[in-house]
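*Asks:* One structure, as structure tokens, below. Some questions next.
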Protein chains: 2
Amino acid sequence: MKIPRSHPRYTSLMTREKLVKAWKAGTVVPEGLIAHGRGEAWDYLFGEETSAPALVAEKAAAAFLVRAKRPAISVNGNVASLAAREIVHLAKAVPARIEVNLFHRSDARVRRIVRSLERAGARGVLGLHPDTRIPRLDSARALSHREGIHGADVVLVPLEDGDRAEALARMGKVVISVDLNPLSRTSQRATVPVVDELTRALPNIEKFVRELRGDSKEARRIARTYDRDGNLRAVYSFLNWRLRTLARGPRRRKR
Amino acid sequence: MKIPRSHPRYTSLMTREKLVKAWKAGTVVPEGLIAHGRGEAWDYLFGEETSAPALVAEKAAAAFLVRAKRPAISVNGNVASLAAREIVHLAKAVPARIEVNLFHRSDARVRRIVRSLERAGARGVLGLHPDTRIPRLDSARALSHREGIHGADVVLVPLEDGDRAEALARMGKVVISVDLNPLSRTSQRATVPVVDELTRALPNIEKFVRELRGDSKEARRIARTYDRDGNLRAVYSFLNWRLRTLARGPRRRKR
């Protein structure tokens, strides 16, 4: 079905099509489609724009990435399908290692995702030959690289599940999540929960990385003053304000 | 992957599995999986319980169905996979015609869905031999039955898309939607937007149908006093209250 550019939900529908295509190509799993739907609903509530508190978290994320000794970015099927280019740009700006990490892992899927990242310009993508495990995760999901996520001090985990975010945090890593659900276990467990849509969040973080990488004093100040719980409360307040606005005047139905 | 009964998200994960299975069987399309994810996120926000305003809308929906001359229920792939039994029970209680209506239509899919409804006890399900069209919808999506949705005065459209809900409302029908997103075009366009999860909403409506079908005075009173916009505002207020509660205490991260 051809979607006309004039459709009120054009961007959302095109993104959906992109994911359905990726699912047909074997990059995205059905559970990934459902997870995307959850994100869509939250983004609807946010008005499909980056909120002020999300921007603050994105700047903090950039500060932690810039200050990291061994930063890594975790990529799954949805992330690769929706934002391969943005991931590669951010990884180059930091610079950070990229590691493919799948909840529903198969070597074929890892290979396809590595290739799609390489097509977007990535080099040295990890994931195919894991040499260690993350503690407290069941077998397939625990596989990891010493050079990548396992050895990282700061790890960006966009669209990650709660168990994995928690396991990484328990290893003492700074975990930066990108997840539109501020109530998710991922957002609750992350050190820096970025509550924003992936393709908006990544370029924002990249922009801040470019600003901060020459200014270590400012990066340190931001990392130190970042107030995680206060930031999450600000996200809730923003949603509250959105709902209050909506409650005041639901559009009259046209009949 | 076997899901243990003790898992905090057991019901949600089982429902997800049911849909993935239905997708493998060709009843549900990938877009249906994404749509289900949207519903999951909203339901999370509602606390996975029927809100008081949703219950009010469900009673109003029952009143309109009981008072209808030619009530019809529209069923798509997700509805058939998640609530075939509930649909059949409600259709018998009203009684109402059932018509299968698909956004991504193919005769094979219609046939599979008709069969799954018949296995749940439905008789005379429409959908396979449409004899007319709903105005202002593109070709495949407009196909309809005179005996079913096209000729109905009151039509229940669970998990329907906005265009179709709008087209039916423009025909002068009372459109009852079941959609967890109070901001969706479907909820905005419906005469009676029921903002609740499908397998909770349908039995509630059925219960009210059984209460009201012997009491035409009460059914009339409820249909007359139902305040659609006020009800939607109450839904927003409920969400606001939920978020305020959640915002007061974001769980401290355990490190």
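Here, A, B, ... name the chains of the structure tokens in the order displayed, residue numbers run from 1 inside each chain, and ligands are numbered from 1 in the same displayed order.
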Select from segment 2-103 of chain B every residue with an atom at most 8 Å from any atom of segment 241-244 of chain B, then for each give the shortest pair of atoms and their distance in Å to one decimal, using only C-alpha atoms, rows by chain and rising number, as a tab-separated table.

*Replies:*
residue	atom	partner	partner_atom	distance
B:Leu45	CA	B:Arg242	CA	7.2
B:Phe46	CA	B:Arg242	CA	7.2
B:Gly47	CA	B:Arg242	CA	8.0

*Asks:* Select residues of chain A: the criterion is any atom within 7 Å of an atom of chain B, counting only C-alpha atoms; output as JSON, numbers by chain.

*Replies:* {"A": [20, 30, 33, 34, 35, 36, 37, 38, 40, 41, 42, 169, 170, 188, 189, 233, 236, 240, 243, 244, 247, 250, 253, 255]}

*Asks:* Find, counting only C-alpha atoms, the residue in B:Ala60, B:Ala93, B:Ile113, B:Val174 that gets nearest to Val79 of chain B.

*Replies:*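 Counting only C-alpha atoms, the residue closest to Val79 of chain B is B:Ile113.
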
*Asks:* Report as JSON, numbers by chain all protein, DNA and RNA residues lying within 12 Å of Ser116 of chain A, evaluated on only C-alpha atoms, omitting residues in the same chain fewer than 2 positions from it.

*Replies:* {"A": [22, 25, 26, 27, 75, 76, 77, 78, 79, 80, 81, 82, 83, 84, 85, 87, 88, 100, 109, 110, 111, 112, 113, 114, 118, 119, 120, 121, 122, 123, 125]}

*Asks:* Report as a list in words: the residues of segment 52-113 of chain A with a DSSP assignment of strand (DSSP E), based on the backbone of this structure.

*Replies:*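 Restricting segment 52-113 of chain A to strand (DSSP E) produces Pro71, Ala72, Ile73, Ser74, Val75, Arg97, Ile98, Glu99 and Val100 of chain A.
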
*Asks:* Please report, as a PyMOL selection string, each residue of segment 6-245 of chain A to which DSSP assigns helix (DSSP H, G or I) when run on this structure's backbone.

*Replies:* chain A and resi 10-24+30-46+52-67+77-93+107-119+139-142+162-170+185-189+198-212+216-225+228-245

*Asks:* Using Å and a single decimal, report how far atom CA of Ala62 of chain B sits from atom CA of Val155 of chain B.

*Replies:* 11.4 Å

*Asks:* Report, in Å with one decimal, the straight-line distance from atom CA of Asn101 of chain A to atom CA of His7 of chain B.

*Replies:*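 Between these atoms lies a distance of 23.0 Å.
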
*Asks:* Excluding Pro203 of chain B and its own-chain neighbours fewer than 2 positions away, which residues fall within 9 Å of it when counting only C-alpha atoms? Please give them as a list in words.

*Replies:*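 In the requested form, the answer reads Glu86, Ile87, His89, Leu90, Leu198, Thr199, Arg200, Ala201, Ile205, Glu206, Lys207 and Phe208 of chain B.
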
*Asks:* Write out as a compact mmCIF listing (two decimals) with C-alpha atoms, in the first residue's frame which residues come within 12 Å of Pro4 of chain A when counting only C-alpha atoms, dropping same-chain ones fewer than 4 positions away.

*Replies:*
# COMPACT_ATOMS: atom_id res chain seq x y z
CA PRO A 8 -1.50 12.77 9.03
CA ARG A 9 0.53 9.79 10.25
CA TYR A 10 3.01 9.71 7.33
CA THR A 11 6.29 9.52 9.29
CA LEU A 13 3.56 4.82 8.87
CA MET A 14 6.83 4.97 6.94

*Asks:* When you look at Val66 of chain A with a cut-off of 7 Å (counting only C-alpha atoms), what residues show up, excluding the ones that are within fewer than 2 positions of it in the same chain? I need them as a list in words.

*Replies:* Ala62, Ala63, Phe64, Ala68, Val94, Val209 and Arg213 of chain A

*Asks:* Pull N, CA, C and O atoms from the residues just selected and write them as a PDB file, in the first residue's frame.

*Replies:*
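Okay, this is what ended up in selection_34.pdb:
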ATOM      1  N   ALA A  62      25.881  12.299  26.644  1.00  0.00           N
ATOM      2  CA  ALA A  62      27.055  12.707  25.863  1.00  0.00           C
ATOM      3  C   ALA A  62      28.249  12.931  26.788  1.00  0.00           C
ATOM      4  O   ALA A  62      29.375  12.501  26.477  1.00  0.00           O
ATOM      5  N   ALA A  63      28.016  13.571  27.934  1.00  0.00           N
ATOM      6  CA  ALA A  63      29.110  13.843  28.877  1.00  0.00           C
ATOM      7  C   ALA A  63      29.735  12.533  29.354  1.00  0.00           C
ATOM      8  O   ALA A  63      30.963  12.386  29.389  1.00  0.00           O
ATOM      9  N   PHE A  64      28.885  11.550  29.704  1.00  0.00           N
ATOM     10  CA  PHE A  64      29.413  10.258  30.157  1.00  0.00           C
ATOM     11  C   PHE A  64      30.174   9.549  29.039  1.00  0.00           C
ATOM     12  O   PHE A  64      31.215   8.930  29.276  1.00  0.00           O
ATOM     13  N   ALA A  68      34.231   8.600  28.970  1.00  0.00           N
ATOM     14  CA  ALA A  68      34.459   7.155  29.134  1.00  0.00           C
ATOM     15  C   ALA A  68      35.852   6.754  28.665  1.00  0.00           C
ATOM     16  O   ALA A  68      36.429   7.384  27.776  1.00  0.00           O
ATOM     17  N   VAL A  94      32.247   9.625  19.128  1.00  0.00           N
ATOM     18  CA  VAL A  94      32.684   9.448  20.525  1.00  0.00           C
ATOM     19  C   VAL A  94      34.204   9.288  20.638  1.00  0.00           C
ATOM     20  O   VAL A  94      34.814  10.053  21.398  1.00  0.00           O
ATOM     21  N   VAL A 209      27.971  15.354  22.017  1.00  0.00           N
ATOM     22  CA  VAL A 209      29.309  14.756  22.056  1.00  0.00           C
ATOM     23  C   VAL A 209      30.292  15.672  21.343  1.00  0.00           C
ATOM     24  O   VAL A 209      31.392  15.961  21.852  1.00  0.00           O
ATOM     25  N   ARG A 213      33.384  17.168  23.536  1.00  0.00           N
ATOM     26  CA  ARG A 213      34.633  16.403  23.509  1.00  0.00           C
ATOM     27  C   ARG A 213      35.860  17.308  23.553  1.00  0.00           C
ATOM     28  O   ARG A 213      36.944  16.862  23.908  1.00  0.00           O
TER      29      ARG A 213
END

*Asks:* What gap, in Å, lies between atom CA of Thr186 of chain B and atom CA of Lys69 of chain B?

*Replies:*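 Taking atom CA of Thr186 of chain B as the start and atom CA of Lys69 of chain B as the end point, the length is 23.4 Å.
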